[in-house]
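Here's input.cif, which has mmCIF, C-alpha atoms:
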data_model
#
loop_
_atom_site.label_atom_id
_atom_site.label_comp_id
_atom_site.auth_asym_id
_atom_site.auth_seq_id
_atom_site.Cartn_x
_atom_site.Cartn_y
_atom_site.Cartn_z
CA MET A 25 0.00 0.00 0.00
CA ASN A 26 1.62 3.23 -1.13
CA LYS A 27 0.24 5.72 1.39
CA VAL A 28 2.88 8.43 1.33
CA ILE A 29 4.52 9.84 -1.79
CA GLY A 30 6.00 13.09 -0.55
CA LEU A 31 6.72 12.98 3.15
CA THR A 32 5.93 10.94 6.18
CA PHE A 33 4.92 12.23 9.56
CA VAL A 34 6.66 14.14 12.28
CA SER A 35 9.73 12.63 13.90
CA ALA A 36 11.13 10.74 10.94
CA MET A 37 10.08 13.13 8.13
CA ILE A 38 11.47 11.00 5.30
CA TRP A 39 11.11 12.83 2.03
CA LEU A 40 10.45 10.65 -0.98
CA SER A 41 10.82 11.98 -4.51
CA ALA A 42 10.54 8.91 -6.72
CA LEU A 43 7.15 9.89 -8.12
CA ASP A 44 7.55 9.32 -11.86
CA GLY A 45 5.02 6.93 -13.32
CA VAL A 46 2.70 6.90 -10.26
CA PHE A 47 -0.90 7.97 -10.84
CA ALA A 48 -0.08 9.24 -14.35
CA GLU A 49 -3.57 10.59 -14.78
CA GLU A 50 -2.77 13.15 -12.08
CA MET A 51 0.76 14.02 -13.09
CA SER A 52 0.18 17.76 -12.63
CA ALA A 53 -0.76 17.27 -8.97
CA GLU A 54 2.22 14.99 -8.53
CA GLN A 55 4.53 17.56 -10.05
CA TYR A 56 3.31 20.12 -7.54
CA ALA A 57 3.82 17.59 -4.76
CA ARG A 58 7.36 16.89 -5.99
CA ARG A 59 8.21 20.56 -6.05
CA ALA A 60 6.66 21.02 -2.61
CA VAL A 61 8.95 18.32 -1.22
CA GLU A 62 12.03 20.01 -2.69
CA SER A 63 10.94 23.40 -1.35
CA ALA A 64 10.38 21.95 2.10
CA ARG A 65 13.82 20.33 2.01
CA GLU A 66 15.36 23.68 1.20
CA GLY A 67 13.43 25.45 3.94
CA ASN A 68 11.17 27.38 1.58
CA ARG A 69 8.02 26.91 3.61
CA VAL A 70 5.81 29.42 1.84
CA GLU A 71 6.50 27.86 -1.56
CA ALA A 72 6.13 24.35 -0.16
CA LEU A 73 2.74 25.07 1.35
CA ALA A 74 1.54 26.72 -1.85
CA ASP A 75 2.50 23.66 -3.91
CA PHE A 76 1.03 21.16 -1.45
CA SER A 77 -2.19 23.16 -1.55
CA LYS A 78 -2.14 23.21 -5.36
CA ALA A 79 -1.84 19.43 -5.38
CA VAL A 80 -4.89 19.25 -3.10
CA GLU A 81 -6.77 21.61 -5.41
CA LEU A 82 -6.00 19.58 -8.52
CA ALA A 83 -6.70 16.15 -7.01
CA PRO A 84 -9.05 16.63 -4.02
CA GLU A 85 -10.27 13.07 -4.30
CA LYS A 86 -6.82 11.70 -3.41
CA ALA A 87 -6.22 11.20 0.31
CA ILE A 88 -2.45 11.26 -0.20
CA ASN A 89 -2.49 14.96 -1.08
CA PHE A 90 -4.20 15.79 2.19
CA ARG A 91 -1.85 13.51 4.09
CA ASN A 92 1.15 15.24 2.54
CA ARG A 93 -0.10 18.70 3.41
CA ALA A 94 -1.07 17.52 6.89
CA ALA A 95 2.45 16.18 7.39
CA PHE A 96 3.83 19.53 6.28
CA TYR A 97 1.57 21.33 8.77
CA SER A 98 2.79 18.94 11.47
CA SER A 99 6.42 19.58 10.57
CA THR A 100 5.77 23.31 11.05
CA LYS A 101 3.75 22.72 14.25
CA GLN A 102 0.50 23.95 12.75
CA TRP A 103 -1.34 21.20 14.55
CA ASP A 104 -4.89 22.46 14.11
CA GLN A 105 -4.45 22.68 10.35
CA ALA A 106 -2.87 19.23 10.34
CA VAL A 107 -5.92 17.78 12.08
CA ILE A 108 -8.24 19.26 9.45
CA ASP A 109 -6.29 17.64 6.59
CA TYR A 110 -5.96 14.32 8.41
CA ASP A 111 -9.74 14.36 8.93
CA THR A 112 -10.26 14.78 5.19
CA ALA A 113 -7.75 12.06 4.36
CA LEU A 114 -9.52 9.64 6.69
CA ARG A 115 -12.89 10.44 5.16
CA LEU A 116 -11.43 9.54 1.78
CA GLU A 117 -9.60 6.42 3.00
CA THR A 118 -11.00 5.14 6.27
CA ASP A 119 -8.74 2.11 6.71
CA ASP A 120 -5.50 3.91 7.48
CA PRO A 121 -3.97 3.35 10.95
CA ALA A 122 -0.88 5.38 10.04
CA THR A 123 -2.98 8.47 9.45
CA GLU A 124 -5.00 7.81 12.61
CA PHE A 125 -1.75 7.70 14.51
CA ASN A 126 -0.53 10.94 12.95
CA ARG A 127 -3.80 12.69 13.69
CA GLY A 128 -3.63 11.36 17.25
CA TYR A 129 -0.20 12.88 17.62
CA ALA A 130 -1.49 16.22 16.35
CA TYR A 131 -4.34 16.06 18.84
CA LEU A 132 -1.82 15.26 21.56
CA GLN A 133 0.18 18.37 20.68
CA LEU A 134 -3.02 20.42 20.89
CA GLY A 135 -3.74 19.02 24.34
CA LYS A 136 -6.91 17.25 23.13
CA LEU A 137 -6.18 14.06 24.98
CA ASP A 138 -9.53 12.32 24.55
CA GLN A 139 -9.41 12.69 20.76
CA ALA A 140 -5.77 11.60 20.72
CA LEU A 141 -6.64 8.57 22.82
CA THR A 142 -9.37 7.55 20.37
CA ASP A 143 -6.90 7.67 17.47
CA PHE A 144 -4.20 5.76 19.34
CA ASP A 145 -6.79 3.12 20.30
CA ALA A 146 -7.69 2.73 16.62
CA THR A 147 -4.03 2.52 15.65
CA LEU A 148 -3.37 -0.20 18.21
CA ASP A 149 -6.47 -2.15 17.20
CA ALA A 150 -4.95 -2.42 13.74
CA LEU A 151 -1.27 -2.52 14.76
CA PRO A 152 -1.04 -3.94 18.31
CA ASP A 153 2.75 -3.59 18.46
CA HIS A 154 2.93 0.05 17.34
CA GLU A 155 5.54 1.28 19.82
CA ARG A 156 4.92 5.00 19.55
CA ALA A 157 1.16 4.57 19.85
CA LEU A 158 1.69 2.46 22.98
CA ARG A 159 4.06 5.03 24.46
CA TYR A 160 1.81 8.01 23.74
CA ARG A 161 -1.28 6.21 24.97
CA ALA A 162 0.54 5.34 28.18
CA TYR A 163 1.44 9.01 28.54
CA ILE A 164 -2.22 10.00 28.14
CA TYR A 165 -3.33 7.37 30.63
CA THR A 166 -0.78 8.71 33.12
CA THR A 167 -1.91 12.29 32.55
CA GLN A 168 -5.53 11.22 33.05
CA LYS A 169 -4.55 9.31 36.20
CA GLN A 170 -5.47 5.97 34.64
CA TYR A 171 -2.27 4.53 36.04
CA ALA A 172 -3.14 0.84 35.81
CA LYS A 173 -3.81 1.17 32.08
CA ALA A 174 -0.56 3.09 31.65
CA VAL A 175 1.30 0.24 33.36
CA GLU A 176 -0.32 -2.27 30.97
CA ASP A 177 0.83 -0.38 27.87
CA LEU A 178 4.31 0.19 29.24
CA THR A 179 4.59 -3.50 30.11
CA ARG A 180 3.77 -4.32 26.49
CA LEU A 181 6.49 -1.92 25.39
CA ILE A 182 9.00 -3.51 27.74
CA ARG A 183 8.20 -6.98 26.46
CA LYS A 184 8.71 -5.79 22.92
CA ASN A 185 11.89 -3.85 23.68
CA PRO A 186 13.38 -4.85 27.05
CA GLY A 187 16.50 -2.78 26.46
CA ASP A 188 14.78 0.61 26.58
CA PRO A 189 15.36 2.28 29.99
CA GLN A 190 12.76 4.98 29.30
CA SER A 191 9.95 2.44 29.36
CA TYR A 192 11.04 1.18 32.79
CA LYS A 193 11.23 4.77 34.07
CA ALA A 194 7.78 5.59 32.73
CA ARG A 195 6.31 2.46 34.29
CA ALA A 196 8.03 3.30 37.56
CA ALA A 197 6.39 6.74 37.52
CA ALA A 198 2.95 5.20 36.92
CA ASN A 199 3.53 2.76 39.78
CA ALA A 200 4.75 5.57 42.03
CA ALA A 201 1.45 7.35 41.46
CA GLN A 202 -0.23 4.21 42.83
CA ALA A 203 2.24 3.95 45.74
CA ASN A 204 3.46 0.57 44.44
CA TRP A 205 6.94 1.23 45.79
CA SER A 206 8.38 -2.27 45.34
CA TYR A 207 7.55 -2.09 41.62
CA VAL A 208 9.06 1.38 41.41
CA ILE A 209 12.27 0.11 42.97
CA ALA A 210 12.40 -2.84 40.56
CA ASP A 211 11.84 -0.68 37.47
CA GLU A 212 14.25 2.07 38.45
CA SER A 213 16.83 -0.59 39.29
CA LYS A 214 16.41 -2.08 35.82
CA ALA A 215 16.72 1.37 34.26
CA LEU A 216 19.95 1.84 36.20
CA GLU A 217 21.28 -1.47 34.94
CA LEU A 218 20.76 -0.18 31.42
CA ASN A 219 22.04 3.32 32.19
CA PRO A 220 24.13 3.38 35.41
CA GLN A 221 24.74 7.14 35.17
CA ASP A 222 21.05 8.06 35.25
CA LEU A 223 20.78 10.31 38.30
CA GLU A 224 17.07 10.75 37.70
CA SER A 225 16.46 7.04 38.19
CA LEU A 226 18.76 6.99 41.18
CA SER A 227 16.81 9.87 42.73
CA ALA A 228 13.47 8.19 42.03
CA ARG A 229 14.68 4.95 43.57
CA ALA A 230 15.90 6.80 46.66
CA ILE A 231 12.44 8.31 47.10
CA ALA A 232 10.87 4.88 46.62
CA TYR A 233 13.17 3.38 49.24
CA TRP A 234 12.11 6.20 51.59
CA HIS A 235 8.44 5.37 51.07
CA ALA A 236 9.15 1.67 51.44
CA GLY A 237 10.95 2.29 54.73
CA ASP A 238 14.34 0.97 53.62
CA LYS A 239 16.46 3.70 55.18
CA GLN A 240 19.81 2.06 54.53
CA LYS A 241 19.31 1.76 50.77
CA GLU A 242 17.68 5.18 50.68
CA PHE A 243 20.85 6.67 52.15
CA LEU A 244 23.08 4.85 49.70
CA ASP A 245 21.15 6.27 46.75
CA LEU A 246 20.83 9.73 48.26
CA ASN A 247 24.53 9.90 48.98
CA ALA A 248 25.38 8.76 45.45
CA VAL A 249 23.13 11.36 43.85
CA LEU A 250 24.26 14.18 46.11
CA GLU A 251 27.90 13.31 45.55
CA ALA A 252 27.33 13.80 41.82
CA ASN A 253 24.90 16.70 42.22
CA PRO A 254 25.33 18.38 45.60
CA ASP A 255 22.85 21.14 44.73
CA ASN A 256 19.82 18.88 44.38
CA LEU A 257 17.43 20.71 46.69
CA GLU A 258 14.76 18.02 46.83
CA LEU A 259 17.21 15.28 47.77
CA LEU A 260 19.03 17.45 50.29
CA ARG A 261 15.69 17.99 51.98
CA LEU A 262 14.94 14.26 51.83
CA ARG A 263 18.30 13.26 53.29
CA ALA A 264 17.93 15.89 56.00
CA GLN A 265 14.54 14.45 56.95
CA ALA A 266 15.97 10.94 56.89
CA ASN A 267 18.77 12.03 59.22
CA TYR A 268 16.22 13.66 61.51
CA ASP A 269 14.17 10.44 61.58
CA LYS A 270 17.34 8.58 62.61
CA SER A 271 17.93 11.15 65.39
CA GLU A 272 21.06 12.33 63.57
CA PHE A 273 20.13 15.93 64.26
CA GLY A 274 23.55 17.41 63.53
CA SER A 275 23.62 15.81 60.10
CA ALA A 276 20.06 16.98 59.50
CA ASP A 277 21.13 20.51 60.43
CA ASP A 278 24.01 20.31 57.93
CA ASP A 279 21.78 19.20 55.05
CA TYR A 280 19.06 21.73 55.84
CA SER A 281 21.75 24.43 55.94
CA LYS A 282 22.95 23.41 52.47
CA ALA A 283 19.37 23.48 51.23
CA ILE A 284 18.79 26.90 52.77
CA ASN A 285 21.87 28.22 50.98
CA LEU A 286 20.17 27.16 47.74
CA LYS A 287 16.76 28.55 48.71
CA PRO A 288 17.13 31.02 51.57
CA ASP A 289 13.55 32.30 51.39
CA ASP A 290 11.88 28.93 51.99
CA PRO A 291 10.20 29.07 55.42
CA SER A 292 9.64 25.31 55.51
CA LEU A 293 13.40 24.70 55.29
CA LEU A 294 14.12 27.20 58.03
CA ALA A 295 11.48 25.65 60.28
CA ALA A 296 12.77 22.14 59.57
CA ARG A 297 16.29 23.20 60.52
CA GLY A 298 14.80 24.87 63.59
CA PHE A 299 13.33 21.56 64.73
CA ALA A 300 16.64 19.78 64.08
CA ARG A 301 18.53 22.40 66.06
CA MET A 302 16.00 22.28 68.85
CA ARG A 303 16.41 18.51 69.14
CA ASN A 304 20.19 18.94 68.98
CA GLY A 305 20.18 21.37 71.91
CA ASP A 306 20.85 24.51 69.89
CA LYS A 307 17.97 26.56 71.27
CA SER A 308 19.26 29.96 70.17
CA GLY A 309 19.80 28.71 66.60
CA ALA A 310 16.36 27.12 66.59
CA LEU A 311 14.75 30.31 67.89
CA GLU A 312 16.45 32.31 65.14
CA ASP A 313 15.20 29.86 62.47
CA PHE A 314 11.60 29.92 63.66
CA THR A 315 11.67 33.71 63.84
CA LYS A 316 12.87 33.89 60.23
CA ALA A 317 10.27 31.34 59.15
CA ILE A 318 7.51 33.37 60.82
CA ALA A 319 8.70 36.54 59.08
CA LEU A 320 8.44 34.74 55.72
CA LYS A 321 5.12 33.01 56.44
CA PRO A 322 3.30 34.65 59.34
CA ASP A 323 0.14 32.57 58.98
CA GLN A 324 1.77 29.23 59.86
CA GLY A 325 0.65 28.27 63.34
CA VAL A 326 3.16 25.46 63.82
CA TYR A 327 6.03 27.95 63.62
CA TYR A 328 4.56 29.99 66.49
CA GLU A 329 3.99 26.82 68.52
CA ALA A 330 7.62 25.82 68.10
CA ARG A 331 8.84 29.27 69.10
CA LEU A 332 6.44 29.24 72.05
CA TYR A 333 7.99 26.01 73.26
CA LEU A 334 11.41 27.62 73.22
CA GLU A 335 10.20 30.85 74.80
CA ASN A 336 8.50 28.97 77.63
CA GLY A 337 11.70 27.04 78.19
CA GLU A 338 13.53 30.35 78.52
CA ASN A 339 10.78 31.74 80.80
CA ASP A 340 10.22 34.53 78.30
CA SER A 341 6.56 35.09 79.07
CA PRO A 342 6.14 38.45 77.28
CA LYS A 343 7.33 37.00 73.96
CA ALA A 344 5.26 33.88 74.54
CA ILE A 345 2.19 36.07 75.05
CA GLY A 346 2.93 37.76 71.74
CA ASP A 347 3.07 34.43 69.93
CA LEU A 348 -0.11 33.21 71.60
CA THR A 349 -1.82 36.40 70.46
CA HIS A 350 -0.75 35.67 66.89
CA LEU A 351 -2.08 32.12 67.23
CA ILE A 352 -5.38 33.45 68.57
CA ASP A 353 -5.62 35.76 65.57
CA LEU A 354 -5.18 32.70 63.35
CA ASN A 355 -7.54 30.50 65.42
CA PRO A 356 -10.00 32.81 67.24
CA ASP A 357 -12.33 29.94 68.22
CA LYS A 358 -9.67 27.80 69.88
CA THR A 359 -10.33 28.19 73.63
CA GLU A 360 -7.14 26.36 74.63
CA LEU A 361 -5.09 29.30 73.31
CA TYR A 362 -6.97 31.81 75.48
CA LEU A 363 -6.41 29.56 78.47
CA ARG A 364 -2.68 29.38 77.85
CA ARG A 365 -2.44 33.13 77.42
CA ALA A 366 -4.50 33.71 80.57
CA ASP A 367 -2.05 31.58 82.56
CA LEU A 368 0.88 33.64 81.25
CA TYR A 369 -0.90 36.91 82.06
CA LEU A 370 -1.50 35.60 85.57
CA LYS A 371 2.16 34.67 85.91
CA LEU A 372 3.05 38.28 85.06
CA ARG A 373 0.32 39.56 87.43
CA ARG A 374 -1.50 41.22 84.53
CA TYR A 375 -4.77 40.40 86.24
CA ASN A 376 -7.28 42.23 84.09
CA GLU A 377 -5.99 40.65 80.88
CA SER A 378 -5.80 37.26 82.55
CA LEU A 379 -9.36 37.57 83.86
CA ALA A 380 -10.65 38.55 80.41
CA ASP A 381 -9.12 35.45 78.81
CA TYR A 382 -10.41 33.09 81.55
CA GLU A 383 -13.90 34.50 81.10
CA LYS A 384 -13.72 33.94 77.32
CA VAL A 385 -12.92 30.30 77.98
CA LEU A 386 -15.70 29.89 80.53
CA ALA A 387 -18.25 31.59 78.28
CA LYS A 388 -17.77 28.75 75.80
CA GLU A 389 -16.89 25.91 78.18
CA PRO A 390 -18.24 26.67 81.68
CA ALA A 391 -16.90 23.47 83.26
CA THR A 392 -13.23 24.06 82.33
CA VAL A 393 -11.43 23.25 85.57
CA SER A 394 -8.21 25.18 84.86
CA ALA A 395 -10.15 28.28 83.80
CA LEU A 396 -12.30 28.18 86.96
CA ALA A 397 -9.21 27.73 89.12
CA GLY A 398 -7.31 30.46 87.28
CA LYS A 399 -10.17 32.91 87.54
CA GLY A 400 -10.53 32.10 91.24
CA GLU A 401 -6.85 32.80 91.81
CA VAL A 402 -7.06 36.14 89.94
CA ILE A 403 -10.13 37.30 91.89
CA ALA A 404 -8.50 36.29 95.17
CA ASP A 405 -5.29 38.17 94.27
CA LEU A 406 -7.38 41.23 93.39
CA GLY A 407 -8.71 41.17 96.99
CA ASN A 408 -11.96 39.22 96.89
CA ARG A 409 -10.73 36.10 98.62
CA ARG A 410 -14.22 34.70 99.33
CA ALA A 411 -15.32 34.88 95.67
CA GLY A 412 -11.98 33.46 94.59
CA ALA A 413 -12.26 30.58 97.03
CA GLU A 414 -15.76 29.76 95.76
CA LEU A 415 -14.45 29.43 92.20
CA LEU A 416 -11.51 27.29 93.36
CA GLN A 417 -13.89 25.03 95.30
CA GLN A 418 -16.09 24.73 92.20
CA ALA A 419 -13.03 23.66 90.24
CA LEU A 420 -12.10 21.21 92.99
CA ARG A 421 -15.49 19.52 92.74
CA LEU A 422 -15.01 19.01 89.01
CA VAL A 423 -11.38 17.96 88.90
CA THR A 424 -10.49 14.31 88.33
CA ASP A 425 -6.72 14.45 87.90
CA PRO A 426 -4.95 13.94 91.26
CA LYS A 427 -2.12 16.33 90.46
CA GLU A 428 -4.49 19.08 89.40
CA LYS A 429 -6.48 18.47 92.55
CA GLU A 430 -3.34 18.99 94.67
CA LYS A 431 -2.60 22.29 92.86
CA ILE A 432 -6.10 23.64 93.50
CA GLN A 433 -5.93 22.61 97.17
CA ALA A 434 -2.59 24.40 97.49
CA LYS A 435 -4.11 27.58 95.99
CA LEU A 436 -7.00 27.41 98.46
CA ARG A 437 -4.60 27.07 101.33
CA GLY A 438 -2.60 29.93 99.87
CA ILE A 439 -5.56 32.30 100.19
CA GLY A 440 -6.36 31.05 103.67
CA VAL A 441 -9.02 28.43 102.97
CA GLY A 442 -8.35 24.97 104.26
CA PRO A 443 -7.56 22.33 105.03
CA LEU A 444 -9.54 20.64 102.21
#
Let me see the file written as C-alpha cells.
Amino acid sequence: MNKVIGLTFVSAMIWLSALDGVFAEEMSAEQYARRAVESAREGNRVEALADFSKAVELAPEKAINFRNRAAFYSSTKQWDQAVIDYDTALRLETDDPATEFNRGYAYLQLGKLDQALTDFDATLDALPDHERALRYRAYIYTTQKQYAKAVEDLTRLIRKNPGDPQSYKARAAANAAQANWSYVIADESKALELNPQDLESLSARAIAYWHAGDKQKEFLDLNAVLEANPDNLELLRLRAQANYDKSEFGSADDDYSKAINLKPDDPSLLAARGFARMRNGDKSGALEDFTKAIALKPDQGVYYEARLYLENGENDSPKAIGDLTHLIDLNPDKTELYLRRADLYLKLRRYNESLADYEKVLAKEPATVSALAGKGEVIADLGNRRAGAELLQQALRLVTDPKEKEKIQAKLRGIGVGPL
C-alpha cells in the first residue's frame, strides 16, 4: 500500500521523490507535490505550502495529497491545520492506521487528549505492536490518572523492547502514582542497569526506598546522587529528613543548611532546621530559624507553637504572650489558646488581661477546671478572697486528675481556705 509519496509524519520526516510513473492521470498534482517536497527540504516553507495546496486543489479526491499537506503542517507545528487535513484524508480512505496515529499525535500536541486517545486506540487495534502509539497512549493514561492502564501499555512496550530504559522509568512513575513502591524500585533498578549514570532514576529509587521504609538503601542512593549533584534541593531535603528520623540531628542541620543556601527564602526549610537544632540542643539557633520562618510566612501556626515552646523554656513570658496572640488571631475559636495566654498573664500579674481570657474560655466551656481555678486565683489576688475561694472550690469539685487536685488545694490554702 503506497500511502505516502512526498513525506511521512513528524519525527522521521522521510522525504520521498521517486514519483515518476505513479498515478499518471494526475501528473500535474504529482509535479506540484514533488516541487513542494524540494521546497520543504530547502526550507522554503511558503512555496512548499503553496505547492502542497495546489496538489490538493487539482486532485481533491486523493487522500495522499491531504496527508502530505497535513504532514507539512505537522512539521511546522501547525497542529490544528494538520488535524483538518488528516480528517479529510480519513474520510477519503478510512482504513488507514498510520494516518489515525498521525492525527492522534497532532491532537496530543493540541492538548486534546480524549481525541488523541481515540486515534491511538484505533491505531493499536490495527497494529497492536505500534511502539509510539503504545508510548503516547501510556502518557495520556498517566496524565488522566489511569495509572493501571498506563502500566499495561508500558509493560507491552518492555516486552517488545526490554532494552529501553525509558519504558522502565515511565512504568516506575505510573507505579509511584499508585504507591506501588516495590515495583518502582524494581523498574528504576532495571533502568539503572541499562544506564548506570542516570541520576534521575537513582533519585526516584531513593524516594521509593524512603516510602518503602528501607532507610539504609535510601541513604546509599541519596549519597550517590548528592555526591554527583550536591545542589539537588529536593534530595538534600529528603536526606535531611531521613537524618532527623534517625535522630542524627547534627547531620540533619548540615543538610538543611545546604538546602537553605540554595533557597534562603523557603520558610519550611528554616522551620525544619529549627526543629533539628531544637532537638540537637541549639535553642538559640532554633529560635532564630523559627523567627525567620515566621517573618516569611506569618500565617503558619506550627512555627509559632515551636517558638512558644522555646520561649517557655527560657521563661520569656512576654514574647510567649505575643506568639499566643498571633495564634489566637489565626484561630480565634480555639479556647485552649486563650487559656494558655490567661495563665501567662496571671504569671506576670496582669490580672485584668488574665481575667478577660479566663472569662472567654468559661463563656464557651463553663466546666473548664483550669479556667475556673485560674479565675478564682485572679479574683482572690485582686482582693476578693471569698469569691476566689468559691471558684476554686467549684473547680475542685469538678477535677479528676490527682495532680491538678493537689494544685487547686494548694491555691485554696494559699488564700487562707483549708484544710480541704
Just the residues within 8 Å of segment 332-346 of chain A, please, counting only C-alpha atoms, with nothing from its chain fewer than 6 positions along; format it as a list in words.
Lys307, Leu311, Arg365, Leu368, Tyr369 and Leu372 of chain A
Residues selected by the PyMOL selection byres ((chain A and resi 216) around 12), written as a list of chain:residue names:
A:Gly187, A:Asp188, A:Pro189, A:Gln190, A:Tyr192, A:Lys193, A:Ile209, A:Ala210, A:Asp211, A:Glu212, A:Ser213, A:Lys214, A:Ala215, A:Glu217, A:Leu218, A:Asn219, A:Pro220, A:Gln221, A:Asp222, A:Leu223, A:Glu224, A:Ser225, A:Leu226, A:Ser227, A:Ala228, A:Arg229, A:Asp245
Considering only C-alpha atoms, return as a PyMOL selection string whatever protein or nucleic-acid residues lie within 6 Å of Ala140 of chain A, sequence-local ones (same chain, fewer than 6 positions apart) excluded.
chain A and resi 128+131-132
Go through the shown structure with the PyMOL selection byres ((chain A and resi 241) around 12) and write out the matching residues as a PDB file with C-alpha atoms, in the frame of the given file.
ATOM      1  CA  ILE A 209      12.270   0.110  42.970  1.00  0.00           C
ATOM      2  CA  SER A 213      16.830  -0.590  39.290  1.00  0.00           C
ATOM      3  CA  LEU A 226      18.760   6.990  41.180  1.00  0.00           C
ATOM      4  CA  SER A 227      16.810   9.870  42.730  1.00  0.00           C
ATOM      5  CA  ARG A 229      14.680   4.950  43.570  1.00  0.00           C
ATOM      6  CA  ALA A 230      15.900   6.800  46.660  1.00  0.00           C
ATOM      7  CA  ILE A 231      12.440   8.310  47.100  1.00  0.00           C
ATOM      8  CA  ALA A 232      10.870   4.880  46.620  1.00  0.00           C
ATOM      9  CA  TYR A 233      13.170   3.380  49.240  1.00  0.00           C
ATOM     10  CA  TRP A 234      12.110   6.200  51.590  1.00  0.00           C
ATOM     11  CA  HIS A 235       8.440   5.370  51.070  1.00  0.00           C
ATOM     12  CA  ALA A 236       9.150   1.670  51.440  1.00  0.00           C
ATOM     13  CA  GLY A 237      10.950   2.290  54.730  1.00  0.00           C
ATOM     14  CA  ASP A 238      14.340   0.970  53.620  1.00  0.00           C
ATOM     15  CA  LYS A 239      16.460   3.700  55.180  1.00  0.00           C
ATOM     16  CA  GLN A 240      19.810   2.060  54.530  1.00  0.00           C
ATOM     17  CA  GLU A 242      17.680   5.180  50.680  1.00  0.00           C
ATOM     18  CA  PHE A 243      20.850   6.670  52.150  1.00  0.00           C
ATOM     19  CA  LEU A 244      23.080   4.850  49.700  1.00  0.00           C
ATOM     20  CA  ASP A 245      21.150   6.270  46.750  1.00  0.00           C
ATOM     21  CA  LEU A 246      20.830   9.730  48.260  1.00  0.00           C
ATOM     22  CA  ASN A 247      24.530   9.900  48.980  1.00  0.00           C
ATOM     23  CA  ALA A 248      25.380   8.760  45.450  1.00  0.00           C
ATOM     24  CA  ARG A 263      18.300  13.260  53.290  1.00  0.00           C
ATOM     25  CA  ALA A 266      15.970  10.940  56.890  1.00  0.00           C
TER      26      ALA A 266
END
Closest to Leu73 of chain A among A:Ala194, A:Ala395, A:Ala87, A:Ala95, using only C-alpha atoms?
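Comparing A:Ala194, A:Ala395, A:Ala87, A:Ala95 against Leu73 of chain A, the winner is A:Ala95.
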When the PyMOL selection byres ((chain A and resi 119) around 12) is applied to the file above, which residues end up in the set, as a list in words?
Met25, Lys27, Ala87, Ala113, Leu114, Arg115, Leu116, Glu117, Thr118, Asp120, Pro121, Ala122, Thr123, Glu124, Phe125, Ala146, Thr147, Asp149, Ala150 and Leu151 of chain A
Just checking: using all atoms listed in the file, which residue out of A:Arg180, A:Lys358, A:Arg159, A:Lys101 ends up closest to Gln133 of chain A?
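Using all atoms listed in the file, Gln133 of chain A sits closest to A:Lys101.
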Of the candidates A:Ala203, A:Ala57, A:Leu379, A:Ala162, which shows the shortest atom-to-atom distance to Leu178 of chain A, using all atoms listed in the file?
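That would be A:Ala162, the residue with the smallest distance to Leu178 of chain A.
For the pair atom CA of Gly274 of chain A and atom CA of Asn253 of chain A, the interatomic distance is 21.4 Å.
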Fewer than 4 positions away in the same chain doesn't count, so skip those; otherwise give me all residues within 6 Å of Ala106 of chain A, counting all atoms listed in the file, as a PyMOL selection string.
chain A and resi 94+97-98
When you look at Asp357 of chain A with a cut-off of 12 Å (counting only C-alpha atoms), what residues show up, excluding the ones that are within fewer than 6 positions of it in the same chain? I need them as a PyMOL selection string.
chain A and resi 351+363+384-385+387-389
